Structure formats: C-alpha cells, structure tokens
>>> print(open('structure15.pdb').read())   # PDB, C-alpha atoms (C1' of nucleotides)
ATOM      1  CA  MET I  25     157.952  17.302  54.190
ATOM      2  CA  THR I  26     156.288  14.498  56.146
ATOM      3  CA  LEU I  27     158.260  12.338  58.497
ATOM      4  CA  ALA I  28     157.945   8.639  57.803
ATOM      5  CA  TYR I  29     156.224   7.446  60.940
ATOM      6  CA  ASP I  30     156.315   3.675  61.188
ATOM      7  CA  VAL I  31     154.496   1.790  63.894
ATOM      8  CA  PHE I  32     156.619  -1.298  63.253
ATOM      9  CA  ASP I  33     159.709   0.569  64.382
ATOM     10  CA  ASP I  34     160.107   0.351  68.133
ATOM     11  CA  ARG I  35     161.911   3.672  68.251
ATOM     12  CA  CYS I  36     159.077   5.487  66.528
ATOM     13  CA  PRO I  37     156.888   7.661  68.779
ATOM     14  CA  THR I  38     153.799   6.085  67.234
ATOM     15  CA  ARG I  39     154.625   3.016  69.266
ATOM     16  CA  MET I  40     153.878   4.887  72.473
ATOM     17  CA  VAL I  41     150.544   5.998  71.109
ATOM     18  CA  LEU I  42     149.684   2.498  69.986
ATOM     19  CA  ASP I  43     150.647   1.248  73.407
ATOM     20  CA  ARG I  44     148.209   3.670  75.017
ATOM     21  CA  LEU I  45     145.365   2.895  72.666
ATOM     22  CA  ALA I  46     145.878  -0.840  72.638
ATOM     23  CA  ASP I  47     144.465  -0.990  76.129
ATOM     24  CA  LYS I  48     141.201  -2.567  77.146
ATOM     25  CA  TRP I  49     140.207   0.227  79.499
ATOM     26  CA  ALA I  50     141.132   3.076  77.177
ATOM     27  CA  LEU I  51     139.079   1.505  74.411
ATOM     28  CA  LEU I  52     136.050   1.056  76.624
ATOM     29  CA  VAL I  53     136.280   4.623  77.899
ATOM     30  CA  LEU I  54     136.530   6.045  74.389
ATOM     31  CA  ASP I  55     133.645   3.909  73.265
ATOM     32  CA  ARG I  56     131.525   4.937  76.209
ATOM     33  CA  LEU I  57     132.138   8.624  75.501
ATOM     34  CA  GLN I  58     130.881   8.336  71.956
ATOM     35  CA  GLY I  59     127.340   9.324  72.930
ATOM     36  CA  GLY I  60     128.377  12.554  74.637
ATOM     37  CA  PRO I  61     129.971  13.775  77.882
ATOM     38  CA  VAL I  62     129.957  11.386  80.834
ATOM     39  CA  ARG I  63     130.797  12.004  84.451
ATOM     40  CA  PHE I  64     133.520  10.244  86.383
ATOM     41  CA  ASN I  65     131.451   7.989  88.561
ATOM     42  CA  GLN I  66     129.107   7.240  85.730
ATOM     43  CA  LEU I  67     132.009   5.874  83.703
ATOM     44  CA  ARG I  68     133.102   3.922  86.716
ATOM     45  CA  ARG I  69     129.681   2.339  87.018
ATOM     46  CA  ASP I  70     129.177   1.709  83.319
ATOM     47  CA  ILE I  71     132.471  -0.002  82.692
ATOM     48  CA  ARG I  72     132.216  -2.977  84.993
ATOM     49  CA  GLY I  73     135.434  -4.125  86.558
ATOM     50  CA  LEU I  74     137.235  -0.831  86.074
ATOM     51  CA  SER I  75     138.687   0.395  89.336
ATOM     52  CA  GLN I  76     138.690   4.045  90.302
ATOM     53  CA  LYS I  77     142.470   4.244  90.247
ATOM     54  CA  VAL I  78     142.828   2.803  86.778
ATOM     55  CA  LEU I  79     139.980   4.925  85.463
ATOM     56  CA  SER I  80     141.728   7.981  86.812
ATOM     57  CA  GLN I  81     145.018   7.032  85.179
ATOM     58  CA  THR I  82     143.338   6.180  81.911
ATOM     59  CA  LEU I  83     141.447   9.459  81.753
ATOM     60  CA  LYS I  84     144.571  11.437  82.510
ATOM     61  CA  ARG I  85     146.528   9.757  79.753
ATOM     62  CA  LEU I  86     143.750  10.166  77.217
ATOM     63  CA  GLU I  87     143.466  13.805  78.151
ATOM     64  CA  ARG I  88     147.201  14.331  77.812
ATOM     65  CA  ASP I  89     147.141  12.742  74.370
ATOM     66  CA  GLY I  90     144.414  15.164  73.358
ATOM     67  CA  LEU I  91     141.724  12.553  72.838
ATOM     68  CA  ILE I  92     139.376  13.604  75.596
ATOM     69  CA  GLU I  93     138.621  16.816  77.425
ATOM     70  CA  ARG I  94     137.936  17.310  81.116
ATOM     71  CA  SER I  95     135.520  20.008  82.184
ATOM     72  CA  VAL I  96     134.517  20.988  85.692
ATOM     73  CA  ARG I  97     131.107  22.426  86.485
ATOM     74  CA  PRO I  98     131.045  24.414  89.745
ATOM     75  CA  THR I  99     128.127  22.640  91.354
ATOM     76  CA  VAL I 100     128.093  21.503  94.960
ATOM     77  CA  PRO I 101     129.569  19.029  95.093
ATOM     78  CA  VAL I 102     131.641  19.572  91.993
ATOM     79  CA  SER I 103     130.723  17.832  88.743
ATOM     80  CA  VAL I 104     133.354  16.705  86.278
ATOM     81  CA  ASP I 105     132.590  15.334  82.903
ATOM     82  CA  TYR I 106     134.708  13.931  80.154
ATOM     83  CA  ALA I 107     134.045  14.324  76.469
ATOM     84  CA  LEU I 108     135.748  13.434  73.222
ATOM     85  CA  THR I 109     137.782  16.127  71.514
ATOM     86  CA  PRO I 110     137.648  16.532  67.722
ATOM     87  CA  LEU I 111     140.852  14.517  67.595
ATOM     88  CA  GLY I 112     139.283  11.839  69.746
ATOM     89  CA  ARG I 113     136.262  11.773  67.500
ATOM     90  CA  THR I 114     138.442  10.761  64.569
ATOM     91  CA  LEU I 115     139.057   7.523  66.412
ATOM     92  CA  THR I 116     135.623   6.587  67.650
ATOM     93  CA  GLU I 117     134.356   4.795  64.594
ATOM     94  CA  THR I 118     137.405   2.584  64.627
ATOM     95  CA  VAL I 119     137.180   2.104  68.358
ATOM     96  CA  ALA I 120     133.522   1.155  68.165
ATOM     97  CA  ALA I 121     134.146  -1.305  65.364
ATOM     98  CA  PHE I 122     136.960  -2.792  67.358
ATOM     99  CA  ALA I 123     135.283  -2.944  70.735
ATOM    100  CA  HIS I 124     132.135  -4.497  69.378
ATOM    101  CA  TRP I 125     133.735  -6.920  66.960
ATOM    102  CA  ALA I 126     133.839  -9.401  69.815
ATOM    103  CA  GLU I 127     130.121  -9.078  70.400
ATOM    104  CA  ARG I 128     129.395  -9.874  66.782
ATOM    105  CA  ASN I 129     131.906 -12.691  66.426
ATOM    106  CA  MET I 130     131.846 -14.259  69.852
ATOM    107  CA  ALA I 131     130.268 -17.481  68.618
ATOM    108  CA  ALA I 132     132.949 -17.993  65.983
ATOM    109  CA  VAL I 133     135.722 -17.352  68.491
ATOM    110  CA  LEU I 134     134.242 -19.728  71.041
ATOM    111  CA  SER I 135     133.922 -22.526  68.505
ATOM    112  CA  ALA I 136     137.465 -21.910  67.278
ATOM    113  CA  GLN I 137     138.720 -22.165  70.842
ATOM    114  CA  ALA I 138     136.781 -25.369  71.411
ATOM    115  CA  ALA I 139     138.201 -26.896  68.235
ATOM    116  CA  TYR I 140     141.735 -25.847  69.179
ATOM    117  CA  ASP I 141     141.452 -27.283  72.671
ATOM    118  CA  ALA I 142     139.880 -30.502  71.405
ATOM    119  CA  ALA I 143     142.747 -31.005  68.969
ATOM    120  CA  LEU I 144     145.225 -30.785  71.840
ATOM    121  CA  THR I 145     143.270 -33.128  74.095
ATOM    122  CA  GLY I 146     142.352 -35.733  71.531
TER
ATOM    123  CA  MET R  27     117.728 -16.692  70.172
ATOM    124  CA  THR R  28     120.777 -14.493  70.430
ATOM    125  CA  LEU R  29     122.489 -13.849  73.715
ATOM    126  CA  ALA R  30     122.993 -10.191  74.528
ATOM    127  CA  TYR R  31     126.762  -9.951  74.495
ATOM    128  CA  ASP R  32     127.926  -6.781  76.197
ATOM    129  CA  VAL R  33     131.555  -5.769  76.296
ATOM    130  CA  PHE R  34     130.865  -3.389  79.178
ATOM    131  CA  ASP R  35     129.939  -6.300  81.397
ATOM    132  CA  ASP R  36     133.015  -7.762  83.031
ATOM    133  CA  ARG R  37     131.421 -11.187  83.223
ATOM    134  CA  CYS R  38     130.749 -11.288  79.503
ATOM    135  CA  PRO R  39     133.068 -13.533  77.465
ATOM    136  CA  THR R  40     133.560 -10.708  74.992
ATOM    137  CA  ARG R  41     135.740  -9.079  77.619
ATOM    138  CA  MET R  42     138.299 -11.851  77.230
ATOM    139  CA  VAL R  43     138.339 -11.350  73.496
ATOM    140  CA  LEU R  44     138.708  -7.615  73.852
ATOM    141  CA  ASP R  45     141.528  -8.196  76.295
ATOM    142  CA  ARG R  46     143.320 -10.337  73.741
ATOM    143  CA  LEU R  47     142.842  -7.917  70.886
ATOM    144  CA  ALA R  48     143.595  -4.793  72.870
ATOM    145  CA  ASP R  49     147.228  -5.756  72.825
ATOM    146  CA  LYS R  50     150.008  -3.920  71.038
ATOM    147  CA  TRP R  51     151.708  -7.056  69.811
ATOM    148  CA  ALA R  52     148.555  -8.831  68.663
ATOM    149  CA  LEU R  53     147.546  -5.778  66.668
ATOM    150  CA  LEU R  54     150.913  -5.479  65.000
ATOM    151  CA  VAL R  55     150.954  -9.165  64.129
ATOM    152  CA  LEU R  56     147.470  -9.032  62.613
ATOM    153  CA  ASP R  57     148.393  -5.936  60.678
ATOM    154  CA  ARG R  58     151.573  -7.493  59.396
ATOM    155  CA  LEU R  59     149.717 -10.562  58.159
ATOM    156  CA  GLN R  60     147.347  -8.524  56.066
ATOM    157  CA  GLY R  61     149.523  -8.826  52.970
ATOM    158  CA  GLY R  62     149.631 -12.620  53.054
ATOM    159  CA  PRO R  63     151.336 -15.459  54.948
ATOM    160  CA  VAL R  64     154.491 -14.588  56.863
ATOM    161  CA  ARG R  65     157.035 -16.858  58.493
ATOM    162  CA  PHE R  66     157.914 -16.836  62.162
ATOM    163  CA  ASN R  67     161.310 -15.221  62.040
ATOM    164  CA  GLN R  68     160.146 -12.780  59.429
ATOM    165  CA  LEU R  69     157.486 -11.516  61.827
ATOM    166  CA  ARG R  70     160.091 -11.335  64.547
ATOM    167  CA  ARG R  71     162.321  -9.182  62.357
ATOM    168  CA  ASP R  72     159.548  -6.991  61.004
ATOM    169  CA  ILE R  73     157.983  -6.112  64.337
ATOM    170  CA  ARG R  74     160.846  -4.392  66.077
ATOM    171  CA  GLY R  75     161.032  -4.901  69.801
ATOM    172  CA  LEU R  76     158.920  -8.042  69.804
ATOM    173  CA  SER R  77     160.725 -10.825  71.608
ATOM    174  CA  GLN R  78     160.588 -14.391  70.391
ATOM    175  CA  LYS R  79     158.803 -15.588  73.504
ATOM    176  CA  VAL R  80     156.045 -13.015  73.295
ATOM    177  CA  LEU R  81     155.647 -13.566  69.561
ATOM    178  CA  SER R  82     155.202 -17.251  70.229
ATOM    179  CA  GLN R  83     152.555 -16.625  72.887
ATOM    180  CA  THR R  84     150.765 -14.066  70.764
ATOM    181  CA  LEU R  85     150.609 -16.344  67.743
ATOM    182  CA  LYS R  86     149.317 -19.225  69.828
ATOM    183  CA  ARG R  87     146.521 -17.138  71.307
ATOM    184  CA  LEU R  88     145.522 -15.701  67.952
ATOM    185  CA  GLU R  89     145.487 -19.187  66.504
ATOM    186  CA  ARG R  90     143.364 -20.495  69.343
ATOM    187  CA  ASP R  91     140.878 -17.682  68.853
ATOM    188  CA  GLY R  92     140.599 -18.646  65.205
ATOM    189  CA  LEU R  93     142.070 -15.426  63.839
ATOM    190  CA  ILE R  94     145.196 -16.866  62.285
ATOM    191  CA  GLU R  95     146.228 -20.209  60.880
ATOM    192  CA  ARG R  96     149.535 -21.978  61.286
ATOM    193  CA  SER R  97     150.804 -24.114  58.438
ATOM    194  CA  VAL R  98     153.974 -26.167  58.290
ATOM    195  CA  ARG R  99     155.807 -26.839  55.068
ATOM    196  CA  PRO R 100     158.095 -29.906  55.222
ATOM    197  CA  THR R 101     161.245 -28.263  53.977
ATOM    198  CA  VAL R 102     164.649 -28.717  55.556
ATOM    199  CA  PRO R 103     164.734 -27.054  57.898
ATOM    200  CA  VAL R 104     161.019 -26.803  58.434
ATOM    201  CA  SER R 105     159.130 -23.692  57.348
ATOM    202  CA  VAL R 106     156.158 -22.400  59.279
ATOM    203  CA  ASP R 107     153.987 -19.603  58.128
ATOM    204  CA  TYR R 108     151.109 -17.794  59.624
ATOM    205  CA  ALA R 109     148.138 -16.420  57.723
ATOM    206  CA  LEU R 110     144.843 -14.771  58.504
ATOM    207  CA  THR R 111     141.759 -16.960  58.572
ATOM    208  CA  PRO R 112     138.475 -15.701  57.061
ATOM    209  CA  LEU R 113     137.471 -14.743  60.591
ATOM    210  CA  GLY R 114     140.722 -12.887  61.059
ATOM    211  CA  ARG R 115     140.192 -11.108  57.786
ATOM    212  CA  THR R 116     136.982  -9.580  59.107
ATOM    213  CA  LEU R 117     139.141  -7.686  61.572
ATOM    214  CA  THR R 118     141.993  -6.479  59.423
ATOM    215  CA  GLU R 119     140.447  -3.306  58.129
ATOM    216  CA  THR R 120     139.691  -2.214  61.654
ATOM    217  CA  VAL R 121     143.094  -3.283  62.858
ATOM    218  CA  ALA R 122     144.827  -1.393  60.096
ATOM    219  CA  ALA R 123     142.815   1.753  60.755
ATOM    220  CA  PHE R 124     143.641   1.446  64.397
ATOM    221  CA  ALA R 125     147.313   0.623  64.134
ATOM    222  CA  HIS R 126     148.001   3.363  61.659
ATOM    223  CA  TRP R 127     145.878   6.059  63.254
ATOM    224  CA  ALA R 128     148.929   7.012  65.275
ATOM    225  CA  GLU R 129     151.003   7.477  62.148
ATOM    226  CA  ARG R 130     148.457   9.862  60.694
ATOM    227  CA  ASN R 131     147.781  11.788  63.892
ATOM    228  CA  MET R 132     151.154  11.771  65.561
ATOM    229  CA  ALA R 133     151.648  15.495  65.178
ATOM    230  CA  ALA R 134     148.341  16.325  66.834
ATOM    231  CA  VAL R 135     149.068  13.992  69.728
ATOM    232  CA  LEU R 136     152.538  15.395  70.258
ATOM    233  CA  SER R 137     151.279  18.963  70.346
ATOM    234  CA  ALA R 138     148.462  17.994  72.720
ATOM    235  CA  GLN R 139     150.998  16.410  75.033
ATOM    236  CA  ALA R 140     153.211  19.466  74.883
ATOM    237  CA  ALA R 141     150.274  21.739  75.720
ATOM    238  CA  TYR R 142     149.206  19.490  78.589
ATOM    239  CA  ASP R 143     152.686  19.372  80.070
ATOM    240  CA  ALA R 144     153.180  23.102  79.656
ATOM    241  CA  ALA R 145     149.948  23.791  81.522
ATOM    242  CA  LEU R 146     151.229  21.770  84.458
ATOM    243  CA  THR R 147     154.645  23.375  84.487
ATOM    244  CA  GLY R 148     153.545  26.946  83.918
TER
ATOM    245  C1'  DC Q  18     131.136  13.582  93.842
ATOM    246  C1'  DA Q  19     135.690  13.213  92.093
ATOM    247  C1'  DG Q  20     139.474  12.139  93.049
ATOM    248  C1'  DC Q  21     144.749  11.107  95.530
ATOM    249  C1'  DA Q  22     148.005   8.079  98.310
ATOM    250  C1'  DT Q  23     149.700   3.767  99.692
ATOM    251  C1'  DC Q  24     150.447  -1.045  99.849
ATOM    252  C1'  DC Q  25     151.228  -5.152  97.443
ATOM    253  C1'  DG Q  26     150.290  -9.530  94.746
ATOM    254  C1'  DC Q  27     150.593 -11.168  90.410
ATOM    255  C1'  DT Q  28     151.369 -11.331  85.754
ATOM    256  C1'  DC Q  29     153.680  -9.536  81.670
ATOM    257  C1'  DG Q  30     157.445  -9.730  79.215
ATOM    258  C1'  DG Q  31     162.742  -9.383  78.492
ATOM    259  C1'  DA Q  32     167.131 -12.165  78.686
ATOM    260  C1'  DT Q  33     169.274 -16.339  78.242
ATOM    261  C1'  DA Q  34     170.083 -21.104  77.167
ATOM    262  C1'  DC Q  35     168.705 -25.207  74.839
ATOM    263  C1'  DT Q  36     166.112 -28.575  71.150
ATOM    264  C1'  DG Q  37     164.314 -31.025  66.776
TER
ATOM    265  C1'  DC S  26     164.420 -22.275  61.151
ATOM    266  C1'  DA S  27     160.986 -22.461  64.643
ATOM    267  C1'  DG S  28     160.374 -22.930  68.508
ATOM    268  C1'  DT S  29     160.444 -24.572  74.264
ATOM    269  C1'  DA S  30     162.074 -23.837  79.155
ATOM    270  C1'  DT S  31     163.467 -21.166  82.970
ATOM    271  C1'  DC S  32     164.639 -17.278  85.627
ATOM    272  C1'  DC S  33     163.523 -12.874  87.272
ATOM    273  C1'  DG S  34     162.750  -7.795  87.646
ATOM    274  C1'  DA S  35     159.421  -4.122  86.643
ATOM    275  C1'  DG S  36     154.997  -2.426  86.639
ATOM    276  C1'  DC S  37     150.001  -3.110  86.038
ATOM    277  C1'  DG S  38     146.228  -2.874  88.502
ATOM    278  C1'  DG S  39     143.124  -4.271  92.621
ATOM    279  C1'  DA S  40     141.983  -3.087  97.575
ATOM    280  C1'  DT S  41     141.738   0.100 101.039
ATOM    281  C1'  DG S  42     141.641   4.479 103.356
ATOM    282  C1'  DC S  43     141.474   9.472 103.133
ATOM    283  C1'  DT S  44     140.343  14.492 101.196
ATOM    284  C1'  DG S  45     138.087  18.978  99.359
TER
END
>>> encode(input="structure15.pdb", output="structure tokens")
Amino acid sequence: MTLAYDVFDDRCPTRMVLDRLADKWALLVLDRLQGGPVRFNQLRRDIRGLSQKVLSQTLKRLERDGLIERSVRPTVPVSVDYALTPLGRTLTETVAAFAHWAERNMAAVLSAQAAYDAALTG
Amino acid sequence: MTLAYDVFDDRCPTRMVLDRLADKWALLVLDRLQGGPVRFNQLRRDIRGLSQKVLSQTLKRLERDGLIERSVRPTVPVSVDYALTPLGRTLTETVAAFAHWAERNMAAVLSAQAAYDAALTG
DNA sequence: CAGCATCCGCTCGGATACTG
DNA sequence: CAGTATCCGAGCGGATGCTG
C-alpha cells in the first residue's frame, strides 16, 4: 500500500524535501541545468550573486536527493559538470514555470506593492 | 517596450519576487488557499509547525505582492479570511505541482539519499 | 578549475506575553 | 479570534584564504 505523505504535516519527510526545494538558489540551479550539463564555475558565473560556498552546498544537497548528477572528466585541470537526473527532470517544467513566473508578472507585482504601500501612507 | 526581466541577474527585481516565493511557508499558504478563503487560525492549525508570527509575516508579504487578499467580516469577535487574488490564482497550479512533488516522489528521494550516504560510508 | 576551511554578521524564526 | 511586541538563539550565507 501507499503511505499517506502529507506536506502539511511537519513530521512528514516531505517537509524536508519541500524545505530543500523551496530555496532560491536550488531553483535557479535546477533551472539553469535544464539545457544540459553545466560546469561548476559556469553555474557560478551564470547565477549572479551566488557565492561559491553556497553553490557547493546546494549542489551537494541536490545530488544527495537524487535530482542532479556530478560527473568528473579527467582533463587537466579537472572538469566537473552537473546534469539533471531523470528524477530531476520530472521537476524542471515546474521549476521553470515557477522561476520565470516573476519575469512574466513583475509588472503586476510592482503595481500591487505600490498600491499596498500607498494605502498605508495615505 | 518590454524590459528584459532576468531572474539570473541579482539586480533584477524578479529576484526579490523569487526570494519571496521560494519559501516553504509561502508555498504552503498559497497551496492551502487554493480551495477557497481560509481564516487565520485555520491556516495556523492546518499548516503544522507554522508559528503565528511567521504566518502573520508571510500573509502580509503575500498580500503586499498582490497574491492574496485579506477581508474582514464584522462578526463578534472579528473574522478575517484570506483568499487568492486573480494574480495569485495564476500561480496555484505551479505551486500545487511543486508542493506536492515531494509527496509523489518521496520514495525515489529517500532511496537516492540512502545510496548517497552509503557511498560515503562504504 | 573545482572545490574545502574558517570566521562572523545578520536575519530568520521560535517562544512568550499582551491587546482590541 | 486575529493579531502585535519583544527577546533571543541558531544557522544561513557572504568574505577571505588555501589546496590538488
């Protein structure tokens, strides 16, 4: 039988997963990997504002959760690239929709914020 | 003309929006509101582990961003319920897919974690 | 190039107490 | 019921320096 996983229950393991995914950096990494494998420093450059330490942590967690895969090519110096796993690929459509929702609806959000702030001031 | 919003640029305002949405509590609140208006303490009870302070902050931010709407009914004592706005409703499908991905893929994640940890130990 | 190690400020968020 | 106010500890994450 199937266990009744429930993300609204704080003792459910799905909460941990949600916690990992509901992270700005993890989302951007997953979205960036959608087009194919990307190397460490390339990710670091592409995702502006992401420090090397946090990128490292994020990649390690995503790899542990089975969403991405790390592969080392024995060049000199060594090349490491990260790619989505099949499991990770089941998430990318959702991630893309999510990450780019802001780009499509930025104007609406900005005007909502302006209206909200104006109501407080006036 | 349209500005080129880019969520990968840390100076782009979309980053702030992503930061707000990429939040465990915000996601759970939005998901919970999908079925219709819900009152404050009902949300607090439904979303286990969510403190009253953080719920309050989360609701205020979501309201400011125009995703949810607060309405007060003059009962005694007063009733306040929160509902999705049309803008918020454009997100709910994505939010639901996202929030419940963990429930559907929990087994795969758990086994990936076990494999990862075993590789380190062994 | 692809990281790890360390330090540390700052914010998130939990606990608690109080209000209309 | 639906919040606000305050305190405070834990940890996120940025900066810096070093390694194979």
>>> resolve_selection(input="structure15.pdb", expression="the PyMOL selection byres ((chain I) within 10 of (chain Q))", output="ChimeraX atom specification")
/I:63-65,76-77,80,99-105
>>> interface_residues(input="structure15.pdb", of="chain S", to="chain R", cutoff="10 Å", atoms="all atoms listed in the file", output="PyMOL selection string")
chain S and resi 26-29
>>> write_last_selection(input="structure15.pdb", atoms="C-alpha atoms (C1' of nucleotides)", output="mmCIF file, keeping the file's coordinate frame")
data_model
loop_
_atom_site.group_PDB
_atom_site.id
_atom_site.type_symbol
_atom_site.label_atom_id
_atom_site.label_comp_id
_atom_site.auth_asym_id
_atom_site.auth_seq_id
_atom_site.Cartn_x
_atom_site.Cartn_y
_atom_site.Cartn_z
ATOM 1 C "C1'" DC S 26 164.420 -22.275 61.151
ATOM 2 C "C1'" DA S 27 160.986 -22.461 64.643
ATOM 3 C "C1'" DG S 28 160.374 -22.930 68.508
ATOM 4 C "C1'" DT S 29 160.444 -24.572 74.264
#
>>> interface_residues(input="structure15.pdb", of="chain R", to="chain I", cutoff="7 Å", atoms="only C-alpha atoms", output="compact mmCIF listing (two decimals) with C-alpha atoms, keeping the file's coordinate frame")
# COMPACT_ATOMS: atom_id res chain seq x y z
CA TYR R 31 126.76 -9.95 74.50
CA ASP R 32 127.93 -6.78 76.20
CA VAL R 33 131.56 -5.77 76.30
CA PHE R 34 130.86 -3.39 79.18
CA ASP R 35 129.94 -6.30 81.40
CA ASP R 36 133.01 -7.76 83.03
CA THR R 40 133.56 -10.71 74.99
CA VAL R 43 138.34 -11.35 73.50
CA LEU R 44 138.71 -7.62 73.85
CA ASP R 45 141.53 -8.20 76.30
CA ALA R 48 143.60 -4.79 72.87
CA ASP R 49 147.23 -5.76 72.82
CA LYS R 50 150.01 -3.92 71.04
CA ASP R 72 159.55 -6.99 61.00
CA ILE R 73 157.98 -6.11 64.34
CA ARG R 74 160.85 -4.39 66.08
CA GLY R 75 161.03 -4.90 69.80
CA ARG R 90 143.36 -20.50 69.34
CA ASP R 91 140.88 -17.68 68.85
CA GLY R 92 140.60 -18.65 65.20
CA THR R 120 139.69 -2.21 61.65
CA ALA R 123 142.82 1.75 60.76
CA PHE R 124 143.64 1.45 64.40
CA ALA R 125 147.31 0.62 64.13
CA ALA R 128 148.93 7.01 65.28
CA GLU R 129 151.00 7.48 62.15
CA MET R 132 151.15 11.77 65.56
CA VAL R 135 149.07 13.99 69.73
CA ALA R 138 148.46 17.99 72.72
CA GLN R 139 151.00 16.41 75.03
CA TYR R 142 149.21 19.49 78.59
>>> atom_distance(input="structure15.pdb", atom1="atom CA of Arg96 of chain R", atom2="atom C1' of DT31 of chain S")
25.8 Å
>>> resolve_selection(input="structure15.pdb", expression="the PyMOL selection byres ((chain S and resi 38) around 9)", output="PyMOL selection string")
(chain I and resi 75+77-78) or (chain S and resi 36-37+39)
>>> decode(input="structure15.pdb", residues="segment 117-131 of chain R", atoms="N, CA, C and O atoms", output="mmCIF file, in the first residue's frame")
data_model
loop_
_atom_site.group_PDB
_atom_site.id
_atom_site.type_symbol
_atom_site.label_atom_id
_atom_site.label_comp_id
_atom_site.auth_asym_id
_atom_site.auth_seq_id
_atom_site.Cartn_x
_atom_site.Cartn_y
_atom_site.Cartn_z
ATOM 1 N N LEU R 117 -0.740 31.395 -10.126
ATOM 2 C CA LEU R 117 0.406 30.667 -9.595
ATOM 3 C C LEU R 117 0.038 29.315 -9.013
ATOM 4 O O LEU R 117 0.894 28.450 -8.846
ATOM 5 N N THR R 118 -1.239 29.127 -8.692
ATOM 6 C CA THR R 118 -1.593 27.990 -7.851
ATOM 7 C C THR R 118 -1.323 26.632 -8.476
ATOM 8 O O THR R 118 -0.945 25.700 -7.771
ATOM 9 N N GLU R 119 -1.516 26.536 -9.773
ATOM 10 C CA GLU R 119 -1.228 25.242 -10.390
ATOM 11 C C GLU R 119 0.239 24.884 -10.205
ATOM 12 O O GLU R 119 0.587 23.764 -9.826
ATOM 13 N N THR R 120 1.087 25.848 -10.468
ATOM 14 C CA THR R 120 2.517 25.640 -10.311
ATOM 15 C C THR R 120 2.875 25.331 -8.861
ATOM 16 O O THR R 120 3.658 24.424 -8.580
ATOM 17 N N VAL R 121 2.277 26.101 -7.973
ATOM 18 C CA VAL R 121 2.546 25.887 -6.555
ATOM 19 C C VAL R 121 2.135 24.484 -6.126
ATOM 20 O O VAL R 121 2.868 23.795 -5.419
ATOM 21 N N ALA R 122 0.965 24.086 -6.563
ATOM 22 C CA ALA R 122 0.471 22.763 -6.185
ATOM 23 C C ALA R 122 1.390 21.672 -6.721
ATOM 24 O O ALA R 122 1.758 20.737 -6.004
ATOM 25 N N ALA R 123 1.767 21.793 -7.982
ATOM 26 C CA ALA R 123 2.672 20.814 -8.581
ATOM 27 C C ALA R 123 3.960 20.737 -7.781
ATOM 28 O O ALA R 123 4.485 19.651 -7.494
ATOM 29 N N PHE R 124 4.429 21.901 -7.402
ATOM 30 C CA PHE R 124 5.679 21.989 -6.679
ATOM 31 C C PHE R 124 5.572 21.404 -5.269
ATOM 32 O O PHE R 124 6.373 20.562 -4.863
ATOM 33 N N ALA R 125 4.569 21.858 -4.551
ATOM 34 C CA ALA R 125 4.433 21.463 -3.157
ATOM 35 C C ALA R 125 4.157 19.968 -3.011
ATOM 36 O O ALA R 125 4.526 19.353 -2.014
ATOM 37 N N HIS R 126 3.514 19.404 -3.996
ATOM 38 C CA HIS R 126 3.145 18.007 -3.869
ATOM 39 C C HIS R 126 4.061 17.056 -4.638
ATOM 40 O O HIS R 126 3.871 15.851 -4.595
ATOM 41 N N TRP R 127 5.043 17.626 -5.305
ATOM 42 C CA TRP R 127 6.034 16.795 -5.990
ATOM 43 C C TRP R 127 6.698 15.853 -4.980
ATOM 44 O O TRP R 127 6.913 14.681 -5.263
ATOM 45 N N ALA R 128 6.995 16.402 -3.822
ATOM 46 C CA ALA R 128 7.656 15.614 -2.785
ATOM 47 C C ALA R 128 6.810 14.415 -2.374
ATOM 48 O O ALA R 128 7.330 13.321 -2.164
ATOM 49 N N GLU R 129 5.508 14.627 -2.286
ATOM 50 C CA GLU R 129 4.632 13.534 -1.879
ATOM 51 C C GLU R 129 4.653 12.394 -2.897
ATOM 52 O O GLU R 129 4.602 11.226 -2.536
ATOM 53 N N ARG R 130 4.736 12.771 -4.171
ATOM 54 C CA ARG R 130 4.731 11.757 -5.213
ATOM 55 C C ARG R 130 6.090 11.080 -5.382
ATOM 56 O O ARG R 130 6.160 9.928 -5.803
ATOM 57 N N ASN R 131 7.166 11.813 -5.071
ATOM 58 C CA ASN R 131 8.492 11.281 -5.347
ATOM 59 C C ASN R 131 9.328 11.012 -4.109
ATOM 60 O O ASN R 131 10.557 10.872 -4.205
#
